[in-house]
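Shown here: run-v2.cif, mmCIF, C-alpha atoms.
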```
data_run
#
loop_
_atom_site.label_atom_id
_atom_site.label_comp_id
_atom_site.auth_asym_id
_atom_site.auth_seq_id
_atom_site.Cartn_x
_atom_site.Cartn_y
_atom_site.Cartn_z
CA ALA A 9 -20.23 -1.03 -23.76
CA GLY A 10 -23.12 -1.55 -21.33
CA THR A 11 -21.81 -4.69 -19.63
CA TRP A 12 -18.22 -3.42 -19.41
CA GLN A 13 -19.37 -0.08 -18.08
CA ALA A 14 -21.56 -1.76 -15.47
CA CYS A 15 -18.66 -3.98 -14.35
CA LEU A 16 -16.30 -1.02 -14.14
CA GLU A 17 -18.87 1.00 -12.18
CA ILE A 18 -19.23 -1.86 -9.70
CA VAL A 19 -15.44 -1.98 -9.27
CA VAL A 20 -15.19 1.79 -8.82
CA GLU A 21 -18.08 1.98 -6.34
CA THR A 22 -16.73 -0.97 -4.35
CA LEU A 23 -13.25 0.58 -4.23
CA ALA A 24 -14.68 3.95 -3.19
CA LYS A 25 -16.64 2.30 -0.36
CA GLN A 26 -13.57 0.36 0.79
CA ILE A 27 -11.44 3.52 0.78
CA ARG A 28 -14.09 5.44 2.75
CA ASP A 29 -14.37 2.58 5.26
CA VAL A 30 -10.61 2.33 5.78
CA ILE A 31 -9.56 5.98 5.69
CA GLY A 32 -12.75 7.62 6.93
CA ARG A 33 -12.49 10.39 4.36
CA ASP A 34 -13.89 11.26 0.97
CA PRO A 35 -12.35 8.66 -1.37
CA ALA A 36 -12.10 11.01 -4.39
CA PRO A 37 -8.44 12.06 -3.92
CA PHE A 38 -7.30 8.46 -3.43
CA LEU A 39 -9.49 6.61 -5.92
CA PRO A 40 -7.45 7.28 -9.10
CA LEU A 41 -4.25 5.87 -7.59
CA LEU A 42 -5.76 2.99 -5.64
CA GLY A 43 -8.19 2.08 -8.41
CA SER A 44 -5.40 2.06 -10.98
CA LEU A 45 -3.25 -0.11 -8.73
CA PHE A 46 -6.09 -2.58 -8.19
CA ILE A 47 -7.05 -2.86 -11.86
CA TYR A 48 -3.42 -3.13 -13.00
CA ILE A 49 -2.59 -5.83 -10.44
CA VAL A 50 -5.74 -7.83 -11.24
CA PHE A 51 -4.96 -7.87 -14.96
CA ALA A 52 -1.26 -8.50 -14.36
CA ASN A 53 -2.03 -11.43 -12.07
CA LEU A 54 -4.70 -12.87 -14.34
CA SER A 55 -2.44 -12.71 -17.38
CA ALA A 56 -0.73 -15.84 -16.01
CA VAL A 57 -3.87 -17.83 -16.87
CA LEU A 58 -3.13 -17.35 -20.57
CA PRO A 59 -0.89 -20.07 -22.04
CA GLY A 60 2.74 -18.96 -22.32
CA VAL A 61 2.21 -15.69 -20.46
CA GLU A 62 4.03 -15.00 -17.22
CA ALA A 63 2.44 -12.58 -14.77
CA PRO A 64 4.39 -9.31 -14.50
CA THR A 65 3.81 -9.45 -10.75
CA ALA A 66 5.84 -12.68 -10.62
CA HIS A 67 8.92 -10.48 -11.14
CA ILE A 68 10.39 -8.70 -8.14
CA GLU A 69 11.20 -5.53 -10.10
CA ASN A 70 7.55 -5.04 -11.01
CA THR A 71 6.29 -5.47 -7.46
CA ALA A 72 9.14 -3.25 -6.24
CA ALA A 73 7.97 -0.50 -8.60
CA LEU A 74 4.40 -0.85 -7.32
CA ALA A 75 5.58 -0.72 -3.69
CA ILE A 76 7.70 2.38 -4.40
CA ILE A 77 4.67 4.07 -5.98
CA VAL A 78 2.71 3.36 -2.79
CA TYR A 79 5.62 4.57 -0.62
CA LEU A 80 5.83 7.88 -2.52
CA ALA A 81 2.04 8.28 -2.55
CA VAL A 82 1.85 7.75 1.21
CA HIS A 83 4.24 10.63 1.80
CA ALA A 84 2.72 12.83 -0.90
CA PHE A 85 -0.80 12.43 0.51
CA GLY A 86 0.44 12.80 4.09
CA ILE A 87 2.31 16.02 3.40
CA GLY A 88 -0.40 17.34 1.07
CA MET A 89 -3.22 16.85 3.57
CA ARG A 90 -1.49 17.47 6.89
CA GLY A 91 1.32 19.84 5.91
CA LEU A 92 5.03 19.10 6.08
CA ARG A 93 5.53 20.07 9.72
CA SER A 94 2.56 18.11 11.04
CA TYR A 95 3.39 15.08 8.89
CA LEU A 96 7.02 14.94 10.00
CA ALA A 97 5.97 15.47 13.63
CA GLY A 98 4.11 12.17 13.37
CA TYR A 99 7.47 10.38 13.22
CA LEU A 100 8.30 11.71 16.67
CA LYS A 101 5.27 10.15 18.34
CA PRO A 102 4.88 8.92 20.99
CA SER A 103 8.31 10.40 21.82
CA TRP A 104 11.34 11.67 19.89
CA PHE A 105 13.43 8.54 20.47
CA MET A 106 10.93 6.60 18.36
CA LEU A 107 12.12 8.40 15.19
CA PRO A 108 14.54 5.66 14.06
CA LEU A 109 11.96 2.93 14.62
CA ASN A 110 9.26 4.87 12.78
CA VAL A 111 11.61 5.40 9.81
CA VAL A 112 12.58 1.72 9.76
CA SER A 113 8.87 0.87 9.93
CA GLU A 114 8.22 2.88 6.75
CA VAL A 115 10.90 1.01 4.84
CA THR A 116 10.02 -2.46 6.12
CA ARG A 117 6.32 -2.16 5.41
CA THR A 118 7.12 -1.10 1.83
CA PHE A 119 9.47 -4.06 1.50
CA SER A 120 6.79 -6.34 2.95
CA LEU A 121 4.23 -5.04 0.45
CA MET A 122 6.62 -5.83 -2.41
CA VAL A 123 7.63 -9.30 -1.24
CA ARG A 124 4.08 -10.39 -0.33
CA LEU A 125 2.70 -9.81 -3.83
CA PHE A 126 5.80 -11.17 -5.58
CA GLY A 127 6.04 -14.29 -3.44
CA ASN A 128 2.39 -15.26 -3.72
CA ILE A 129 2.16 -14.85 -7.49
CA MET A 130 5.57 -16.32 -8.31
CA SER A 131 5.08 -19.35 -6.07
CA HIS A 132 1.67 -20.10 -7.57
CA GLU A 133 3.12 -19.98 -11.10
CA PHE A 134 5.92 -22.26 -9.95
CA VAL A 135 3.43 -24.82 -8.56
CA ILE A 136 1.37 -24.77 -11.77
CA GLY A 137 4.56 -25.32 -13.80
CA ILE A 138 5.53 -28.33 -11.69
CA VAL A 139 2.03 -29.83 -11.94
CA VAL A 140 2.00 -29.40 -15.74
CA VAL A 141 5.38 -31.14 -16.05
CA LEU A 142 4.45 -34.01 -13.75
CA ALA A 143 0.77 -34.55 -14.56
CA GLY A 144 0.11 -33.24 -18.04
CA PHE A 145 -2.22 -30.54 -19.23
CA LEU A 146 -5.64 -31.55 -17.85
CA LEU A 147 -4.85 -31.73 -14.13
CA PRO A 148 -3.76 -28.05 -13.83
CA VAL A 149 -7.24 -26.78 -14.79
CA PRO A 150 -8.36 -26.51 -11.12
CA PHE A 151 -5.06 -24.77 -10.37
CA LEU A 152 -5.83 -22.23 -13.09
CA ALA A 153 -9.21 -21.57 -11.51
CA LEU A 154 -7.42 -21.12 -8.21
CA ALA A 155 -4.98 -18.75 -9.97
CA ILE A 156 -7.90 -16.48 -10.87
CA LEU A 157 -9.04 -16.37 -7.26
CA ILE A 158 -5.51 -15.84 -5.95
CA GLY A 159 -4.86 -13.09 -8.50
CA ILE A 160 -7.94 -11.13 -7.47
CA VAL A 161 -7.37 -11.66 -3.74
CA GLN A 162 -3.73 -10.56 -3.97
CA ALA A 163 -4.72 -7.40 -5.86
CA TYR A 164 -7.31 -6.70 -3.17
CA ILE A 165 -4.82 -7.25 -0.34
CA PHE A 166 -2.21 -5.01 -1.97
CA THR A 167 -4.79 -2.26 -2.51
CA VAL A 168 -6.20 -2.50 1.02
CA LEU A 169 -2.70 -2.34 2.53
CA ALA A 170 -1.88 0.68 0.35
CA THR A 171 -5.12 2.27 1.57
CA VAL A 172 -4.25 1.56 5.21
CA PHE A 173 -0.77 3.09 4.76
CA ILE A 174 -2.22 6.19 3.11
CA GLY A 175 -4.90 6.41 5.80
CA ALA A 176 -2.22 6.35 8.50
CA ALA A 177 -0.34 9.13 6.71
CA VAL A 178 -3.32 11.46 6.23
CA GLY A 179 -5.10 10.73 9.50
CA SER A 180 -8.57 9.26 9.61
CA ILE A 181 -10.46 12.19 11.10
CA GLU A 182 -11.96 14.48 8.50
CA LYS A 183 -11.89 18.11 9.51
CA GLY A 184 -14.85 20.33 8.91
#
```
Hey, can you dump this file as C-alpha coordinates for me?
Amino acid sequence: AGTWQACLEIVVETLAKQIRDVIGRDPAPFLPLLGSLFIYIVFANLSAVLPGVEAPTAHIENTAALAIIVYLAVHAFGIGMRGLRSYLAGYLKPSWFMLPLNVVSEVTRTFSLMVRLFGNIMSHEFVIGIVVVLAGFLLPVPFLALAILIGIVQAYIFTVLATVFIGAAVGSIEKG
(Lines of atoms letter the chains of each structure in order from A and count residues from 1; the text may use other names and numbers.)
(Lines give C-alpha, C1' and ligand atoms only; values in the text may rest on other atoms or scores of the structure.)
Protein backbone atom coordinates (compact mmCIF):
# COMPACT_ATOMS: atom_id res chain seq x y z
CA ALA A 1 0.00 0.00 0.00
CA GLY A 2 2.97 2.33 0.55
CA THR A 3 4.02 2.69 -3.09
CA TRP A 4 0.46 3.03 -4.40
CA GLN A 5 -0.39 5.55 -1.72
CA ALA A 6 2.72 7.58 -2.49
CA CYS A 7 1.90 7.58 -6.22
CA LEU A 8 -1.68 8.63 -5.56
CA GLU A 9 -0.54 11.39 -3.20
CA ILE A 10 1.80 12.72 -5.88
CA VAL A 11 -1.07 12.74 -8.39
CA VAL A 12 -3.43 14.48 -5.95
CA GLU A 13 -0.87 17.10 -4.90
CA THR A 14 0.10 17.79 -8.51
CA LEU A 15 -3.56 18.15 -9.52
CA ALA A 16 -4.25 20.44 -6.56
CA LYS A 17 -1.30 22.66 -7.52
CA GLN A 18 -2.43 22.78 -11.15
CA ILE A 19 -5.98 23.70 -10.13
CA ARG A 20 -4.71 26.45 -7.80
CA ASP A 21 -2.43 27.80 -10.54
CA VAL A 22 -5.19 27.87 -13.17
CA ILE A 23 -8.18 28.99 -11.11
CA GLY A 24 -6.44 31.00 -8.41
CA ARG A 25 -8.65 29.56 -5.70
CA ASP A 26 -8.56 26.83 -3.10
CA PRO A 27 -8.61 23.60 -5.14
CA ALA A 28 -10.64 21.60 -2.58
CA PRO A 29 -14.10 22.10 -4.18
CA PHE A 30 -12.81 21.18 -7.64
CA LEU A 31 -10.35 18.39 -6.83
CA PRO A 32 -12.85 15.50 -6.52
CA LEU A 33 -14.33 16.12 -9.98
CA LEU A 34 -11.15 17.05 -11.80
CA GLY A 35 -9.09 14.35 -10.08
CA SER A 36 -11.68 11.71 -10.92
CA LEU A 37 -11.77 12.85 -14.54
CA PHE A 38 -7.99 12.73 -14.81
CA ILE A 39 -7.61 9.30 -13.22
CA TYR A 40 -10.51 7.82 -15.21
CA ILE A 41 -9.19 9.18 -18.52
CA VAL A 42 -5.63 8.00 -17.82
CA PHE A 43 -6.78 4.45 -17.08
CA ALA A 44 -9.27 4.47 -19.96
CA ASN A 45 -6.59 5.63 -22.39
CA LEU A 46 -3.96 3.24 -21.07
CA SER A 47 -6.30 0.26 -21.31
CA ALA A 48 -5.61 0.29 -25.06
CA VAL A 49 -2.08 -0.94 -24.34
CA LEU A 50 -3.51 -4.29 -23.21
CA PRO A 51 -3.90 -6.81 -26.04
CA GLY A 52 -7.48 -7.00 -27.32
CA VAL A 53 -8.70 -4.06 -25.25
CA GLU A 54 -10.07 -0.96 -26.91
CA ALA A 55 -9.87 2.32 -25.01
CA PRO A 56 -13.29 3.56 -23.90
CA THR A 57 -12.19 7.06 -24.90
CA ALA A 58 -11.89 5.85 -28.51
CA HIS A 59 -15.71 5.88 -28.59
CA ILE A 60 -17.47 9.18 -29.17
CA GLU A 61 -20.27 8.41 -26.71
CA ASN A 62 -17.80 8.05 -23.86
CA THR A 63 -16.02 11.31 -24.59
CA ALA A 64 -19.40 12.99 -25.09
CA ALA A 65 -20.44 11.87 -21.61
CA LEU A 66 -17.21 13.25 -20.15
CA ALA A 67 -17.68 16.57 -21.96
CA ILE A 68 -21.29 16.82 -20.75
CA ILE A 69 -20.12 16.21 -17.18
CA VAL A 70 -17.66 19.09 -17.58
CA TYR A 71 -20.36 21.29 -19.16
CA LEU A 72 -22.76 20.68 -16.26
CA ALA A 73 -19.99 21.12 -13.67
CA VAL A 74 -18.97 24.46 -15.20
CA HIS A 75 -22.47 25.81 -14.74
CA ALA A 76 -22.96 24.21 -11.32
CA PHE A 77 -19.71 25.69 -9.97
CA GLY A 78 -20.38 29.04 -11.63
CA ILE A 79 -23.86 29.38 -10.19
CA GLY A 80 -22.84 27.92 -6.83
CA MET A 81 -19.94 30.31 -6.31
CA ARG A 82 -21.18 33.47 -8.01
CA GLY A 83 -24.95 33.16 -7.65
CA LEU A 84 -27.44 32.73 -10.48
CA ARG A 85 -27.86 36.42 -11.28
CA SER A 86 -24.15 37.21 -11.36
CA TYR A 87 -23.35 34.07 -13.35
CA LEU A 88 -25.98 34.74 -16.00
CA ALA A 89 -24.92 38.39 -16.19
CA GLY A 90 -21.53 37.14 -17.38
CA TYR A 91 -23.17 36.08 -20.65
CA LEU A 92 -24.10 39.69 -21.33
CA LYS A 93 -20.52 40.96 -21.20
CA PRO A 94 -19.09 43.02 -22.74
CA SER A 95 -22.56 44.02 -24.00
CA TRP A 96 -26.00 42.42 -24.26
CA PHE A 97 -25.74 41.66 -27.99
CA MET A 98 -22.93 39.22 -27.19
CA LEU A 99 -25.41 36.82 -25.54
CA PRO A 100 -25.89 34.58 -28.61
CA LEU A 101 -22.14 34.36 -29.23
CA ASN A 102 -21.43 33.56 -25.59
CA VAL A 103 -24.04 30.78 -25.62
CA VAL A 104 -22.65 29.35 -28.87
CA SER A 105 -19.18 29.53 -27.32
CA GLU A 106 -20.33 27.34 -24.40
CA VAL A 107 -21.64 24.66 -26.75
CA THR A 108 -18.71 24.70 -29.16
CA ARG A 109 -16.05 24.46 -26.48
CA THR A 110 -17.85 21.44 -25.00
CA PHE A 111 -18.02 19.88 -28.46
CA SER A 112 -14.33 20.65 -28.98
CA LEU A 113 -13.44 19.00 -25.67
CA MET A 114 -15.31 15.86 -26.73
CA VAL A 115 -13.88 15.64 -30.25
CA ARG A 116 -10.29 16.40 -29.21
CA LEU A 117 -10.06 13.47 -26.80
CA PHE A 118 -11.98 11.09 -29.06
CA GLY A 119 -10.01 11.95 -32.19
CA ASN A 120 -6.60 11.66 -30.60
CA ILE A 121 -7.21 8.32 -28.91
CA MET A 122 -9.18 6.74 -31.77
CA SER A 123 -6.67 7.80 -34.41
CA HIS A 124 -3.75 6.43 -32.41
CA GLU A 125 -5.50 3.06 -32.02
CA PHE A 126 -6.21 3.08 -35.74
CA VAL A 127 -2.52 3.69 -36.57
CA ILE A 128 -1.40 0.89 -34.23
CA GLY A 129 -3.90 -1.47 -35.87
CA ILE A 130 -2.59 -0.66 -39.34
CA VAL A 131 1.04 -1.11 -38.25
CA VAL A 132 0.24 -4.50 -36.66
CA VAL A 133 -1.47 -5.70 -39.84
CA LEU A 134 1.31 -4.50 -42.13
CA ALA A 135 4.42 -5.12 -40.05
CA GLY A 136 3.66 -7.84 -37.54
CA PHE A 137 3.74 -7.79 -33.78
CA LEU A 138 7.26 -6.56 -32.92
CA LEU A 139 7.29 -3.24 -34.76
CA PRO A 140 4.31 -1.75 -32.85
CA VAL A 141 6.18 -1.89 -29.51
CA PRO A 142 7.46 1.72 -29.86
CA PHE A 143 3.93 2.75 -30.83
CA LEU A 144 2.63 1.19 -27.62
CA ALA A 145 5.17 3.18 -25.63
CA LEU A 146 3.97 6.26 -27.47
CA ALA A 147 0.38 5.25 -26.63
CA ILE A 148 1.23 5.47 -22.93
CA LEU A 149 2.61 8.97 -23.36
CA ILE A 150 -0.31 10.07 -25.53
CA GLY A 151 -2.83 8.61 -23.08
CA ILE A 152 -1.38 10.53 -20.14
CA VAL A 153 -0.96 13.77 -22.11
CA GLN A 154 -4.54 13.63 -23.43
CA ALA A 155 -5.88 13.07 -19.91
CA TYR A 156 -3.84 16.05 -18.73
CA ILE A 157 -5.07 18.28 -21.57
CA PHE A 158 -8.71 17.32 -20.97
CA THR A 159 -8.36 18.02 -17.25
CA VAL A 160 -6.57 21.34 -17.74
CA LEU A 161 -9.21 22.50 -20.23
CA ALA A 162 -11.97 21.47 -17.81
CA THR A 163 -10.14 23.45 -15.11
CA VAL A 164 -9.88 26.51 -17.36
CA PHE A 165 -13.61 26.33 -18.19
CA ILE A 166 -14.53 26.02 -14.51
CA GLY A 167 -12.13 28.83 -13.63
CA ALA A 168 -13.81 31.09 -16.18
CA ALA A 169 -17.21 30.25 -14.70
CA VAL A 170 -16.28 30.89 -11.06
CA GLY A 171 -13.95 33.83 -11.60
CA SER A 172 -10.31 33.71 -10.63
CA ILE A 173 -10.31 36.30 -7.85
CA GLU A 174 -10.86 34.82 -4.42
CA LYS A 175 -12.91 37.04 -2.16
CA GLY A 176 -11.95 37.52 1.43
Nearby residues (all atoms listed in the file) at most 12 Å from A:Val111, same-chain spacing under 4 positions excluded, as an NGL selection string: :A and (96 or 98-101 or 104-107 or 115-118)
A:Ala163, A:Glu69, A:Val19, A:Val57 ranked by distance to A:Pro150, top pick (using only C-alpha atoms): A:Val57
Using all atoms listed in the file: which of A:Ser44, A:Phe51, A:Glu133, A:Ala170 has the shortest distance to A:Ala75: A:Ala170
From A:Ile158, A:Ile129, A:Leu109, A:Ala36, residue lying nearest A:Ala63 [only C-alpha atoms]: A:Ile129
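Evaluated against this file, the PyMOL selection byres ((chain A and resi 165) around 12) yields Gln26, Leu42, Leu45, Phe46, Ile49, Val50, Leu121, Met122, Arg124, Leu125, Asn128, Ile158, Gly159, Ile160, Val161, Gln162, Ala163, Tyr164, Phe166, Thr167, Val168, Leu169, Ala170, Thr171 and Val172 of chain A.
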The PyMOL selection byres ((chain A and resi 174) around 8) applied to the shown file, residues as a list in words: Ile31, Ala81, Val82, His83, Phe85, Gly86, Ala170, Thr171, Val172, Phe173, Gly175, Ala176, Ala177 and Val178 of chain A
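Interatomic distance, atom CA of A:Lys25 against atom CA of A:Gly127: 28.3 Å.
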